[in-house]
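This is protein_23.txt (compact mmCIF, C-alpha atoms).
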```
# COMPACT_ATOMS: atom_id res chain seq x y z
CA MET A 1 129.19 145.50 92.09
CA PRO A 2 130.35 141.93 92.87
CA GLN A 3 131.41 141.35 96.44
CA LEU A 4 134.95 140.21 95.58
CA THR A 5 135.52 143.33 93.47
CA GLU A 6 134.60 145.54 96.41
CA LEU A 7 136.84 143.63 98.79
CA LEU A 8 139.78 143.77 96.36
CA LEU A 9 139.32 147.48 95.66
CA THR A 10 139.41 148.19 99.38
CA PHE A 11 142.42 145.93 99.97
CA VAL A 12 144.48 147.36 97.09
CA ARG A 13 143.53 150.96 97.88
CA GLU A 14 144.03 150.83 101.63
CA ASP A 15 146.57 148.07 102.28
CA LEU A 16 148.76 148.03 99.20
CA LEU A 17 148.59 151.65 98.08
CA LYS A 18 147.97 153.22 101.49
CA GLY A 19 145.33 155.51 100.06
CA HIS A 20 147.57 156.90 97.27
CA ALA A 21 145.32 155.77 94.43
CA ALA A 22 142.44 158.13 93.97
CA ASP A 23 141.84 156.89 90.42
CA LEU A 24 141.93 153.14 91.16
CA ASN A 25 138.97 151.28 89.71
CA SER A 26 138.16 147.71 88.77
CA ASP A 27 139.64 148.21 85.28
CA SER A 28 142.94 149.76 86.38
CA TYR A 29 145.97 147.80 85.20
CA LEU A 30 147.53 146.69 88.46
CA PHE A 31 150.99 145.79 87.20
CA ASP A 32 151.43 147.36 83.77
CA GLU A 33 151.05 150.80 85.35
CA GLY A 34 153.43 149.91 88.16
CA MET A 35 150.68 150.29 90.71
CA VAL A 36 151.40 147.09 92.64
CA ASP A 37 155.02 146.04 93.25
CA SER A 38 156.39 142.50 93.55
CA LEU A 39 155.76 142.19 97.28
CA GLY A 40 152.25 143.54 96.69
CA ILE A 41 151.57 140.70 94.25
CA LEU A 42 152.24 138.14 96.96
CA ARG A 43 150.11 139.99 99.51
CA LEU A 44 147.32 140.22 96.96
CA ILE A 45 147.50 136.46 96.30
CA ALA A 46 147.46 135.73 100.05
CA PHE A 47 144.46 138.03 100.52
CA LEU A 48 142.64 136.42 97.62
CA GLU A 49 143.26 132.92 98.98
CA LEU A 50 141.74 133.94 102.30
CA GLU A 51 138.68 135.47 100.64
CA ILE A 52 137.89 132.61 98.28
CA GLY A 53 138.77 130.03 100.92
CA ARG A 54 141.13 127.93 98.86
CA PRO A 55 144.78 128.00 97.82
CA ILE A 56 145.53 129.42 94.40
CA ALA A 57 147.53 126.99 92.29
CA ASP A 58 150.76 128.22 90.73
CA HIS A 59 149.42 127.76 87.21
CA GLU A 60 146.57 130.17 87.96
CA VAL A 61 148.98 133.04 88.69
CA VAL A 62 149.19 134.50 85.20
CA MET A 63 148.66 138.04 83.94
CA GLU A 64 145.51 137.05 82.08
CA HIS A 65 143.88 136.45 85.48
CA PHE A 66 145.52 139.23 87.48
CA ARG A 67 145.65 142.15 85.03
CA THR A 68 142.81 144.07 86.72
CA ILE A 69 140.50 143.63 89.68
CA ARG A 70 137.72 142.81 87.21
CA THR A 71 139.74 139.95 85.68
CA ILE A 72 140.58 138.62 89.15
CA ASP A 73 136.88 138.64 90.03
CA ARG A 74 135.93 137.02 86.73
CA THR A 75 138.49 134.25 87.26
CA PHE A 76 138.09 133.52 90.92
CA GLY A 77 134.40 134.24 91.12
CA SER A 78 132.36 136.38 93.50
CA LYS A 79 130.09 133.49 94.40
CA GLN A 80 133.08 131.72 95.91
CA VAL A 81 133.69 134.48 98.45
CA HIS A 82 133.19 133.39 102.03
CA ASP A 83 130.44 135.13 103.88
CA ALA A 84 132.05 137.51 106.30
CA MET B 85 178.26 117.64 58.29
CA ARG B 86 180.26 119.65 60.84
CA ASP B 87 181.79 117.91 63.84
CA PRO B 88 180.26 118.94 67.20
CA GLU B 89 183.02 121.40 68.13
CA SER B 90 182.98 123.25 64.85
CA LEU B 91 179.18 123.23 64.89
CA GLU B 92 179.25 124.89 68.31
CA ALA B 93 181.78 127.46 67.11
CA TRP B 94 179.65 128.15 64.04
CA VAL B 95 176.48 128.58 66.14
CA ASP B 96 178.27 131.04 68.41
CA GLU B 97 179.64 133.01 65.46
CA GLN B 98 176.12 133.34 64.08
CA LEU B 99 174.75 134.50 67.43
CA GLU B 100 177.58 136.99 67.86
CA ARG B 101 176.96 138.36 64.37
CA LEU B 102 173.24 138.77 65.14
CA ALA B 103 174.19 140.61 68.35
CA VAL B 104 176.71 142.93 66.71
CA ASP B 105 174.32 143.64 63.84
CA SER B 106 171.72 144.68 66.42
CA GLY B 107 174.14 147.21 67.90
CA ALA B 108 175.81 145.19 70.66
CA ARG B 109 179.42 145.78 71.63
CA ARG B 110 181.61 142.78 72.39
CA LEU B 111 182.95 142.28 75.89
CA GLU B 112 185.98 140.04 76.45
CA VAL B 113 185.84 138.30 79.82
CA PRO B 114 188.07 136.15 82.02
CA ALA B 115 187.52 132.41 82.41
CA SER B 116 186.32 132.73 86.00
CA ILE B 117 184.52 135.18 88.24
CA LYS B 118 185.19 136.47 91.75
CA ALA B 119 183.11 135.31 94.69
CA ALA B 120 182.40 138.96 95.52
CA VAL B 121 180.60 139.38 92.19
CA LEU B 122 178.39 136.33 92.79
CA ASP B 123 177.68 137.63 96.26
CA ARG B 124 176.64 140.99 94.85
CA CYS B 125 174.35 139.20 92.36
CA GLY B 126 172.67 137.40 95.25
CA HIS B 127 173.69 134.13 93.62
CA PHE B 128 174.65 132.23 96.76
CA GLU B 129 171.35 133.02 98.46
CA SER B 130 169.15 132.39 95.41
CA PHE B 131 170.91 129.25 94.20
CA PRO B 132 172.79 127.71 97.13
CA GLY B 133 175.28 125.05 96.09
CA MET B 134 175.07 125.83 92.39
CA ALA B 135 178.35 127.74 91.97
CA ILE B 136 181.48 125.69 91.29
CA LEU B 137 184.91 126.76 92.53
CA ALA B 138 187.45 127.38 89.79
CA GLY B 139 190.47 127.93 92.04
CA GLY B 140 191.33 129.02 95.54
CA ASN B 141 188.51 130.14 97.78
CA ASP B 142 187.24 133.11 95.84
CA LEU B 143 187.33 132.25 92.14
CA TYR B 144 184.29 130.53 90.64
CA HIS B 145 183.21 129.38 87.23
CA ALA B 146 180.60 131.93 86.16
CA PRO B 147 177.06 130.51 86.50
CA ALA B 148 175.90 132.97 83.81
CA ALA B 149 177.80 135.04 81.27
CA CYS B 150 175.81 138.22 81.91
CA TYR B 151 177.30 138.64 85.41
CA HIS B 152 180.48 139.83 83.68
CA ALA B 153 178.52 142.62 81.96
CA TYR B 154 177.17 144.05 85.23
CA THR B 155 180.69 143.99 86.64
CA GLU B 156 181.85 145.95 83.59
CA LEU B 157 179.16 148.58 84.13
CA GLN B 158 179.42 148.76 87.92
CA GLY B 159 179.09 152.33 89.18
CA ALA B 160 178.49 153.71 85.66
CA ARG B 161 176.21 156.60 84.84
CA LEU B 162 175.13 155.80 81.30
CA ALA B 163 174.56 158.46 78.66
CA ALA B 164 172.51 156.01 76.54
CA ASP B 165 170.97 152.53 76.58
CA GLN B 166 173.62 149.79 76.33
CA THR B 167 173.69 146.46 74.51
CA ILE B 168 176.61 144.17 75.31
CA THR B 169 177.34 140.70 73.98
CA VAL B 170 179.53 138.26 75.83
CA VAL B 171 180.40 134.59 75.59
CA ALA B 172 181.81 132.85 78.64
CA PRO B 173 182.62 129.41 79.95
CA CYS B 174 180.03 128.68 82.63
CA ALA B 175 179.40 125.91 85.13
CA ARG B 176 176.50 124.98 87.36
CA ASN B 177 176.13 122.26 89.92
CA GLU B 178 172.54 121.17 89.39
CA SER B 179 170.90 118.04 90.61
CA GLY B 180 167.45 116.71 91.32
CA ALA B 181 164.62 115.06 89.51
CA ASP B 182 163.65 118.16 87.58
CA VAL B 183 166.99 118.50 85.83
CA GLU B 184 166.29 118.05 82.15
CA PRO B 185 168.42 116.07 79.73
CA GLY B 186 171.02 118.13 77.91
CA ARG B 187 171.82 120.18 81.02
CA LEU B 188 175.61 120.15 81.19
CA LYS B 189 177.74 120.93 84.20
CA HIS B 190 180.23 122.90 82.12
CA PHE B 191 179.03 124.80 79.07
CA ARG B 192 179.43 127.97 77.05
CA MET B 193 176.83 130.68 77.23
CA ARG B 194 176.42 133.46 74.69
CA GLU B 195 174.45 136.38 76.03
CA VAL B 196 173.14 139.67 74.80
CA VAL B 197 172.63 142.01 77.73
CA PHE B 198 170.47 145.15 77.67
CA VAL B 199 170.84 147.91 80.23
CA GLY B 200 168.73 151.04 79.91
CA ALA B 201 165.23 152.45 80.16
CA PRO B 202 162.79 149.74 81.37
CA GLY B 203 160.52 149.98 78.31
CA TRP B 204 163.49 149.80 75.96
CA VAL B 205 164.85 146.75 77.79
CA THR B 206 161.50 144.97 77.41
CA ARG B 207 161.38 145.77 73.69
CA GLN B 208 164.94 144.45 73.25
CA ARG B 209 164.07 141.25 75.10
CA ASP B 210 160.95 140.76 72.97
CA GLY B 211 162.90 141.52 69.79
CA TRP B 212 165.45 138.85 70.66
CA MET B 213 162.67 136.31 71.13
CA GLN B 214 161.73 136.91 67.50
CA ARG B 215 165.34 136.92 66.33
CA ALA B 216 166.16 133.65 68.11
CA ALA B 217 163.01 131.93 66.81
CA SER B 218 163.95 132.97 63.26
CA PHE B 219 167.51 131.73 63.72
CA ALA B 220 166.23 128.38 65.03
CA ALA B 221 163.86 128.09 62.07
CA SER B 222 166.73 128.83 59.68
CA LEU B 223 168.55 125.80 61.15
CA GLY B 224 165.47 123.64 60.69
CA LEU B 225 164.78 123.54 64.43
CA SER B 226 161.10 123.58 65.26
CA GLY B 227 160.26 124.71 68.74
CA SER B 228 158.04 126.94 70.81
CA MET B 229 158.40 129.98 73.03
CA GLU B 230 157.18 129.25 76.54
CA ALA B 231 156.78 131.33 79.68
CA ALA B 232 159.18 130.01 82.30
CA THR B 233 160.52 130.52 85.80
CA ASP B 234 163.87 129.97 87.48
CA THR B 235 164.31 127.10 89.87
CA PHE B 236 164.68 129.00 93.12
CA PHE B 237 165.36 126.91 96.16
CA GLY B 238 163.73 127.00 99.57
CA ASP B 239 160.45 128.31 100.85
CA PRO B 240 160.78 131.90 99.58
CA GLY B 241 161.18 130.31 96.15
CA ARG B 242 157.47 130.02 95.47
CA GLY B 243 156.88 133.73 95.82
CA ARG B 244 159.72 134.65 93.52
CA ARG B 245 158.59 132.08 91.00
CA LEU B 246 155.04 133.40 90.99
CA ILE B 247 156.25 136.96 90.50
CA GLN B 248 158.38 135.85 87.55
CA GLN B 249 155.45 133.98 86.12
CA LEU B 250 152.88 136.74 86.57
CA LYS B 251 155.11 139.44 85.14
CA THR B 252 156.37 137.16 82.34
CA LEU B 253 159.94 138.00 83.27
CA LYS B 254 161.26 134.84 81.63
CA TYR B 255 160.61 132.98 78.40
CA GLU B 256 162.39 129.97 76.99
CA LEU B 257 162.77 128.79 73.44
CA ARG B 258 162.29 125.02 73.66
CA VAL B 259 162.76 122.42 70.95
CA GLY B 260 161.96 118.74 70.88
CA VAL B 261 164.87 116.28 71.11
CA GLY B 262 163.03 113.04 70.43
CA ASP B 263 162.22 110.75 73.34
CA ALA B 264 164.27 112.94 75.69
CA GLY B 265 161.51 115.57 75.70
CA THR B 266 162.26 119.23 75.08
CA LEU B 267 165.40 121.25 75.57
CA ALA B 268 165.59 124.98 76.33
CA LEU B 269 167.95 126.50 73.78
CA ALA B 270 167.69 130.04 75.02
CA SER B 271 166.07 132.15 77.69
CA PHE B 272 164.88 135.75 77.47
CA ASN B 273 164.86 137.53 80.77
CA LEU B 274 163.82 140.80 82.38
CA HIS B 275 165.60 141.56 85.66
CA GLU B 276 163.80 144.85 86.38
CA THR B 277 166.19 146.78 88.68
CA PHE B 278 167.65 143.72 90.44
CA PHE B 279 171.13 143.96 88.92
CA THR B 280 171.26 147.69 88.21
CA SER B 281 170.60 148.50 91.86
CA ARG B 282 173.05 145.89 93.18
CA PHE B 283 175.80 147.11 90.83
CA ASP B 284 174.94 150.80 91.23
CA ILE B 285 174.31 151.30 87.51
CA GLY B 286 172.38 154.45 86.63
CA MET B 287 171.51 156.74 83.75
CA ALA B 288 173.38 160.04 83.63
CA ASP B 289 170.10 161.97 83.64
CA GLY B 290 168.83 160.08 86.68
CA SER B 291 166.03 158.28 84.81
CA PRO B 292 165.11 154.69 85.78
CA VAL B 293 167.39 151.92 84.53
CA ALA B 294 166.66 148.21 84.24
CA SER B 295 168.38 145.21 82.68
CA GLY B 296 167.50 142.14 80.70
CA CYS B 297 169.24 139.49 78.64
CA ALA B 298 168.92 136.86 75.97
CA ALA B 299 170.99 133.81 76.90
CA PHE B 300 171.95 130.99 74.55
CA GLY B 301 173.40 127.62 75.55
CA VAL B 302 175.89 127.08 72.74
CA GLU B 303 176.26 123.30 73.15
CA ARG B 304 172.48 122.89 73.34
CA TRP B 305 172.00 124.46 69.92
CA ALA B 306 174.52 122.02 68.50
CA LEU B 307 172.88 119.11 70.34
CA ALA B 308 169.38 120.03 69.18
CA HIS B 309 170.58 120.53 65.63
CA THR B 310 172.18 117.09 65.64
CA ALA B 311 169.17 115.43 67.35
CA GLN B 312 166.62 116.88 64.95
CA ARG B 313 168.74 116.03 61.90
CA HIS B 314 169.02 112.42 63.06
CA ALA B 315 165.31 112.28 63.78
CA SER B 316 164.56 113.37 60.24
CA LEU B 317 166.89 110.85 58.58
```

Whole structure given in structure tokens:
Amino acid sequence: MPQLTELLLTFVREDLLKGHAADLNSDSYLFDEGMVDSLGILRLIAFLELEIGRPIADHEVVMEHFRTIRTIDRTFGSKQVHDA
Amino acid sequence: MRDPESLEAWVDEQLERLAVDSGARRLEVPASIKAAVLDRCGHFESFPGMAILAGGNDLYHAPAACYHAYTELQGARLAADQTITVVAPCARNESGADVEPGRLKHFRMREVVFVGAPGWVTRQRDGWMQRAASFAASLGLSGSMEAATDTFFGDPGRGRRLIQQLKTLKYELRVGVGDAGTLALASFNLHETFFTSRFDIGMADGSPVASGCAAFGVERWALAHTAQRHASL
């Protein structure tokens, strides 16, 4: 599993959903299913910026990129993740 | 060819007919709106300096027609989804480099407002995007539907803009007006529970309730119609 996917799964499960998401996986719809609220979106973007080591431009924040953790990984790329 | 005023009146009649045919009830509204209503809408904090006083210290020109509809429904427990249409004189104090041509300080706004189950509200909003595009095409106006955001001010603005953008809460129908670029003729908005919670609007059975609206700048339709006719002559 790509590194960014793992990091995002952990962040969404533990920080955004506080463990209340037993069925969360990389293909779960984050917003269509009401899983992540508006504040969560901003925290997710901030987390992602830290992990990929660059700011995310406004035009990149579209549902096509953020629908699932898999689409986030595909767009922002696991190879761009900073080594921890 | 109609003169501008009668063209505007005709456009508004057509929009009102489309609204009533889709099941909307008409709401008659006063020419101004109380400061307390704008405060409840969060208008002063979201758009500082935009509201224009209409008289005294607490009467403003409405910045948007739909605010009247939430006032009408304040405290209601609805037995069914609601569609309301309203036309109101509006005014906005807008300035800055990003203000597009055709943006008037005083204008008339026709709105169709949906209040009900969140899924139903989204379907109504999407249906009005189709209806408005067809109406524009029937007038010979060629345009496009574009995802959009509101111009929020200040630092918290970016976050709110990104949320709007990601969740596609706002679309605009834009048409070309020659060298002046494009003009937004209408916007199609989802408010989620922003207004229903602030105005304490609920469903009688306790199920979730959201709102949305389709908003039409009456003068803009007339302006675009005139501009595109002249361009084609």

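Proximity to chain A at a cut-off of 9 Å picks out Arg242, Gly243, Arg244, Arg245, Leu246, Ile247, Gln249, Leu250, Lys251 and Thr252 of chain B on chain B, counting all atoms listed in the file.
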
Of the candidates B:Val199, B:Ala164, B:Ala175, B:Val170, which one gets nearest to Pro147 of chain B if we count all atoms listed in the file?
B:Ala175

All residues 12 Å or closer to His127 of chain B, only C-alpha atoms, same chain fewer than 4 positions away omitted, as a PyMOL selection string:
chain B and resi 118-123+131-136+144+146-148+151+176+236-237+278-279+282

Quick one: write out the picked residues with C-alpha atoms as a PDB file, in the frame of the given file?
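Saved the output as result_18.pdb:
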```pdb
ATOM      1  CA  LYS B 118     185.190 136.470  91.750  1.00  0.00           C
ATOM      2  CA  ALA B 119     183.110 135.310  94.690  1.00  0.00           C
ATOM      3  CA  ALA B 120     182.400 138.960  95.520  1.00  0.00           C
ATOM      4  CA  VAL B 121     180.600 139.380  92.190  1.00  0.00           C
ATOM      5  CA  LEU B 122     178.390 136.330  92.790  1.00  0.00           C
ATOM      6  CA  ASP B 123     177.680 137.630  96.260  1.00  0.00           C
ATOM      7  CA  PHE B 131     170.910 129.250  94.200  1.00  0.00           C
ATOM      8  CA  PRO B 132     172.790 127.710  97.130  1.00  0.00           C
ATOM      9  CA  GLY B 133     175.280 125.050  96.090  1.00  0.00           C
ATOM     10  CA  MET B 134     175.070 125.830  92.390  1.00  0.00           C
ATOM     11  CA  ALA B 135     178.350 127.740  91.970  1.00  0.00           C
ATOM     12  CA  ILE B 136     181.480 125.690  91.290  1.00  0.00           C
ATOM     13  CA  TYR B 144     184.290 130.530  90.640  1.00  0.00           C
ATOM     14  CA  ALA B 146     180.600 131.930  86.160  1.00  0.00           C
ATOM     15  CA  PRO B 147     177.060 130.510  86.500  1.00  0.00           C
ATOM     16  CA  ALA B 148     175.900 132.970  83.810  1.00  0.00           C
ATOM     17  CA  TYR B 151     177.300 138.640  85.410  1.00  0.00           C
ATOM     18  CA  ARG B 176     176.500 124.980  87.360  1.00  0.00           C
ATOM     19  CA  PHE B 236     164.680 129.000  93.120  1.00  0.00           C
ATOM     20  CA  PHE B 237     165.360 126.910  96.160  1.00  0.00           C
ATOM     21  CA  PHE B 278     167.650 143.720  90.440  1.00  0.00           C
ATOM     22  CA  PHE B 279     171.130 143.960  88.920  1.00  0.00           C
ATOM     23  CA  ARG B 282     173.050 145.890  93.180  1.00  0.00           C
TER      24      ARG B 282
END
```

Any idea what's packed within 7 Å of segment 285-296 of chain B, counting only C-alpha atoms, ignoring anything in its chain fewer than 3 positions away? Could you give it as a PyMOL selection string?
chain B and resi 157-163+197-202+205+209+273-277+279-281

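The spacing separating atom CA of Ala217 of chain B from atom CA of Gln312 of chain B amounts to 15.6 Å.
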
Enumerate, as a PyMOL selection string, the protein, DNA and RNA residues whose atoms approach (175.1, 122.8, 73.6) to within 12 Å, taking into account only C-alpha atoms and the coordinate frame of the file.
chain B and resi 88-96+173-174+185-194+267-270+300-311

Take atom CA of Leu24 of chain A and atom CA of Gly53 of chain A and report the distance between them in Å, one decimal.
25.3 Å

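Going from atom CA of Gly262 of chain B to atom CA of Arg215 of chain B covers 24.3 Å.
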
Selected residue, from B:Thr266, B:Thr233, B:Asn141, B:Thr169, that lies nearest to Ala298 of chain B when counting only C-alpha atoms
B:Thr169

Please provide the set of residues having any atom within 9 Å of Leu44 of chain A, restricted to only C-alpha atoms, with same-chain residues fewer than 4 positions apart removed, written as number ranges by chain.
A: 8, 11-12, 16, 39-40, 48-49

What are the centre and edge lengths in Å, to one decimal, of the axis-aligned box around all listed atoms of segment 284-292 of chain B with 3 Å added on each side, as lines of an AutoDock Vina configuration file?
```
center_x = 170.0
center_y = 156.4
center_z = 87.4
size_x = 15.8
size_y = 17.2
size_z = 13.6
```

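Considering the residues B:Ala108, B:Leu137, B:Ala153, B:Leu253 and counting only C-alpha atoms, Phe283 of chain B has its shortest atom-to-atom contact with B:Ala153.
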
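Proximity ranking of A:Phe76, A:Arg13, A:Arg70, A:Gln3 relative to Val36 of chain A places A:Arg13 first, based on only C-alpha atoms.
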